[in-house]
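The next block holds one structure in the form of structure tokens; read it before the comments.
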Amino acid sequence: MSQISQLLKYQEKDSELLKIEQEIAGSDERKKYAQTKSFLNKASEKLDKLEAQSQGILTRLETLNKRYGEICETLKDFEHLDDMVEGGADLSFYQRNISQLIDKLKTLKGEIAALTSSAKETTDEYQAMKKKVLVAQKQYPEQHAALQEFKKSKQEQTDKISKELQSIAKEIDGEVMRKYQVKRSERIFPIICEIKADRCSKCGIELSIADKEKVSAGKVVECENCHRILYKA
Ligand SMILES: [Zn+2]
């Protein structure tokens, strides 16, 4: 049982450390820094995507422009239609051909115009994103420094608490201490809880028969539900 009183003493001191940790986690300094960091990560992916999109549009535009040029070349062949007709060619056949080619040209023109406007949109989006990234890249080291500064302002306090914790931990079994630290890293807190009326006082679940027997024998058990370390006062 003396282990438990030491553990409770440790936990009480540890809660002071946790409070500072939470203060840092909830600070404006950390929020701003985390926001910028996450933005920069996402922006990098977005810029890559826009670049690939833009490359795709350019390739398609090249193909369409080439096709447009080819049709214009073909149309040139009909410049001397008068001579061809005089030579006995079927006028209506060539007229049909020409009108089909002109229709194709119109369609291509429309497609090229749509792609060009889409290329412009992509470029504008890229530029706007790039501008934001430049601002964030400038802010990032400043925000990082501000966070470090805030942490430093708490350093003396945390060092003092850590020292006291180390001193209390000397009285506690190493294996128990390790177990405590694992739970602490899993964000369980408080870790040591009292059993009240055969139930975990934190989550309310009832102890198993086996655990009740262990507790009667003066042992410490773990809650099956919230995994806290349970003791009987
Ligand atoms: Zn529980």
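Each chain in the structure tokens gets a letter, A, B and so on, in the order shown; residues start at 1 in every chain, and ligands are counted from 1 in the order they appear.
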Which residues are near ligand 1 - at most 7 Å, using only C-alpha atoms and all ligand atoms? Format: as a PDB file with C-alpha atoms, in the first residue's frame.
```pdb
ATOM      1  CA  CYS A 200     -13.633   1.835 -11.015  1.00  0.00           C
ATOM      2  CA  SER A 201     -14.318   5.336  -9.723  1.00  0.00           C
ATOM      3  CA  LYS A 202     -13.414   6.838 -13.095  1.00  0.00           C
ATOM      4  CA  CYS A 203     -15.494   4.849 -15.603  1.00  0.00           C
ATOM      5  CA  GLY A 204     -17.834   3.042 -13.217  1.00  0.00           C
ATOM      6  CA  ILE A 205     -17.283  -0.487 -14.486  1.00  0.00           C
ATOM      7  CA  CYS A 223      -9.567  -1.516 -14.935  1.00  0.00           C
ATOM      8  CA  GLU A 224     -10.766  -3.770 -17.753  1.00  0.00           C
ATOM      9  CA  ASN A 225     -12.547  -0.876 -19.406  1.00  0.00           C
ATOM     10  CA  CYS A 226     -10.448   2.292 -19.086  1.00  0.00           C
ATOM     11  CA  HIS A 227      -7.169   0.520 -18.158  1.00  0.00           C
ATOM     12  CA  ARG A 228      -6.452   2.729 -15.188  1.00  0.00           C
TER      13      ARG A 228
END
```
With only C-alpha atoms as the counted atoms, please give the residues lying no more than 12 Å from A:Leu18, apart from itself and same-chain residues fewer than 2 positions off, as a ChimeraX atom specification. /A:11-16,20-25,157-158,161-162,184-185,187-190
So that I have them on file, write out the residues from the current selection with C-alpha atoms, as a PDB file, in the first residue's frame.
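Below is the file selection06.pdb, written as the result:
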```
ATOM      1  CA  GLN A  11       0.449  11.518  -9.824  1.00  0.00           C
ATOM      2  CA  GLU A  12      -0.471  14.669  -7.958  1.00  0.00           C
ATOM      3  CA  LYS A  13       2.859  16.269  -8.840  1.00  0.00           C
ATOM      4  CA  ASP A  14       2.587  14.905 -12.381  1.00  0.00           C
ATOM      5  CA  SER A  15      -0.764  16.647 -12.807  1.00  0.00           C
ATOM      6  CA  GLU A  16       1.088  19.965 -12.462  1.00  0.00           C
ATOM      7  CA  ILE A  20       1.761  22.993 -18.290  1.00  0.00           C
ATOM      8  CA  GLU A  21       1.816  20.565 -21.215  1.00  0.00           C
ATOM      9  CA  GLN A  22      -1.841  21.313 -21.888  1.00  0.00           C
ATOM     10  CA  GLU A  23      -1.171  25.014 -21.617  1.00  0.00           C
ATOM     11  CA  ILE A  24       1.523  24.721 -24.289  1.00  0.00           C
ATOM     12  CA  ALA A  25      -0.665  22.501 -26.500  1.00  0.00           C
ATOM     13  CA  GLN A 157       8.755  25.380 -13.824  1.00  0.00           C
ATOM     14  CA  THR A 158       8.846  22.048 -15.671  1.00  0.00           C
ATOM     15  CA  ILE A 161       8.526  19.550 -11.250  1.00  0.00           C
ATOM     16  CA  SER A 162      10.546  16.932 -13.153  1.00  0.00           C
ATOM     17  CA  ARG A 184       0.701   8.610 -19.383  1.00  0.00           C
ATOM     18  CA  SER A 185       1.927   8.575 -22.994  1.00  0.00           C
ATOM     19  CA  ARG A 187      -3.040  10.286 -22.613  1.00  0.00           C
ATOM     20  CA  ILE A 188      -4.782   8.453 -19.796  1.00  0.00           C
ATOM     21  CA  PHE A 189      -5.068  10.705 -16.744  1.00  0.00           C
ATOM     22  CA  PRO A 190      -5.493  10.319 -13.843  1.00  0.00           C
TER      23      PRO A 190
END
```
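Comparing the minimum interatomic distances between A:Arg199 and each of A:Glu121, A:Gln143, A:Asp211, A:Lys106, counting only C-alpha atoms, we find that A:Asp211 sits nearest.
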As a ChimeraX atom specification, which residues of chain A does DSSP assign to helix (DSSP H, G or I)? /A:2-25,28-86,91-169,174-185,209-216
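Secondary structure from DSSP on the backbone puts strand (DSSP E) at the following positions of stretch 81-212 of chain A: Ile192, Cys193, Glu194, Ile195, Lys196, Arg199 and Cys200 of chain A.
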Using only C-alpha atoms, which residue out of A:Val135, A:Met84, A:Leu147, A:Leu105 lies closest to A:Ser27? A:Leu147
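With only C-alpha atoms as the atoms that count, the minimum distance from A:Cys193 to the choices A:Ala217, A:Lys31, A:Lys232, A:Gln155 is reached by A:Lys232.
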Please identify all polymer residues within 12 Å of A:Gln127, counting only C-alpha atoms, omitting same-chain residues fewer than 5 positions from it, and present them as a ChimeraX atom specification. /A:43,46-47,50-51,120-122,132-134
Residues from last step as file, N, CA and C atoms, as an mmCIF file, in the first residue's frame:
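In the end it all went to selection35.cif:
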```cif
data_model
loop_
_atom_site.group_PDB
_atom_site.id
_atom_site.type_symbol
_atom_site.label_atom_id
_atom_site.label_comp_id
_atom_site.auth_asym_id
_atom_site.auth_seq_id
_atom_site.Cartn_x
_atom_site.Cartn_y
_atom_site.Cartn_z
ATOM 1 N N ALA A 43 -0.174 22.301 -49.160
ATOM 2 C CA ALA A 43 0.079 23.172 -50.303
ATOM 3 C C ALA A 43 1.071 22.541 -51.265
ATOM 4 N N LYS A 46 -0.769 20.170 -53.337
ATOM 5 C CA LYS A 46 -1.679 20.890 -54.237
ATOM 6 C C LYS A 46 -0.898 21.485 -55.416
ATOM 7 N N LEU A 47 0.263 22.051 -55.134
ATOM 8 C CA LEU A 47 1.069 22.655 -56.200
ATOM 9 C C LEU A 47 1.519 21.587 -57.203
ATOM 10 N N LEU A 50 -1.476 20.789 -59.396
ATOM 11 C CA LEU A 50 -1.759 21.849 -60.367
ATOM 12 C C LEU A 50 -0.731 21.821 -61.500
ATOM 13 N N GLU A 51 0.491 21.512 -61.154
ATOM 14 C CA GLU A 51 1.539 21.468 -62.165
ATOM 15 C C GLU A 51 1.267 20.332 -63.153
ATOM 16 N N LYS A 120 -5.525 28.936 -68.241
ATOM 17 C CA LYS A 120 -5.364 30.210 -67.537
ATOM 18 C C LYS A 120 -5.834 30.085 -66.086
ATOM 19 N N GLU A 121 -6.981 29.403 -65.914
ATOM 20 C CA GLU A 121 -7.499 29.194 -64.559
ATOM 21 C C GLU A 121 -6.487 28.449 -63.695
ATOM 22 N N THR A 122 -5.915 27.376 -64.273
ATOM 23 C CA THR A 122 -4.944 26.574 -63.527
ATOM 24 C C THR A 122 -3.727 27.415 -63.159
ATOM 25 N N LYS A 132 0.570 32.361 -51.381
ATOM 26 C CA LYS A 132 0.240 31.999 -50.001
ATOM 27 C C LYS A 132 1.373 31.190 -49.371
ATOM 28 N N VAL A 133 1.961 30.298 -50.182
ATOM 29 C CA VAL A 133 3.046 29.457 -49.678
ATOM 30 C C VAL A 133 4.241 30.334 -49.274
ATOM 31 N N LEU A 134 4.535 31.334 -50.081
ATOM 32 C CA LEU A 134 5.662 32.216 -49.774
ATOM 33 C C LEU A 134 5.448 32.944 -48.447
#
```
Long-range neighbours of A:Lys104 as a PyMOL selection string, 10 Å cut-off, only C-alpha atoms, 6 positions minimum in chain: chain A and resi 67-68+71+98+110
Would you export the selected residues with N, CA and C atoms as an mmCIF file, in the first residue's frame, please?
```cif
data_model
loop_
_atom_site.group_PDB
_atom_site.id
_atom_site.type_symbol
_atom_site.label_atom_id
_atom_site.label_comp_id
_atom_site.auth_asym_id
_atom_site.auth_seq_id
_atom_site.Cartn_x
_atom_site.Cartn_y
_atom_site.Cartn_z
ATOM 1 N N ARG A 67 -3.481 19.436 -85.095
ATOM 2 C CA ARG A 67 -4.601 18.951 -85.901
ATOM 3 C C ARG A 67 -5.232 20.130 -86.665
ATOM 4 N N TYR A 68 -5.364 21.258 -85.992
ATOM 5 C CA TYR A 68 -5.930 22.467 -86.609
ATOM 6 C C TYR A 68 -5.080 22.882 -87.809
ATOM 7 N N ILE A 71 -5.544 20.580 -90.855
ATOM 8 C CA ILE A 71 -6.793 20.806 -91.595
ATOM 9 C C ILE A 71 -6.675 22.063 -92.456
ATOM 10 N N ILE A 98 -15.267 20.184 -98.245
ATOM 11 C CA ILE A 98 -14.849 21.449 -97.636
ATOM 12 C C ILE A 98 -15.710 21.770 -96.419
ATOM 13 N N GLY A 110 -13.376 25.609 -80.828
ATOM 14 C CA GLY A 110 -14.095 25.655 -79.544
ATOM 15 C C GLY A 110 -13.330 24.932 -78.458
#
```
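Residue nearest A:Gln6 within the list A:Lys170, A:Lys163, A:Lys214, A:Lys183: A:Lys170 [criterion: smallest interatomic distance, only C-alpha atoms].
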Write out as a PyMOL selection string each polymer residue whose atoms come within 7 Å of stretch 33-35 of chain A, counting only C-alpha atoms; drop sequence neighbours fewer than 4 positions from it. chain A and resi 29+39+140+143-144
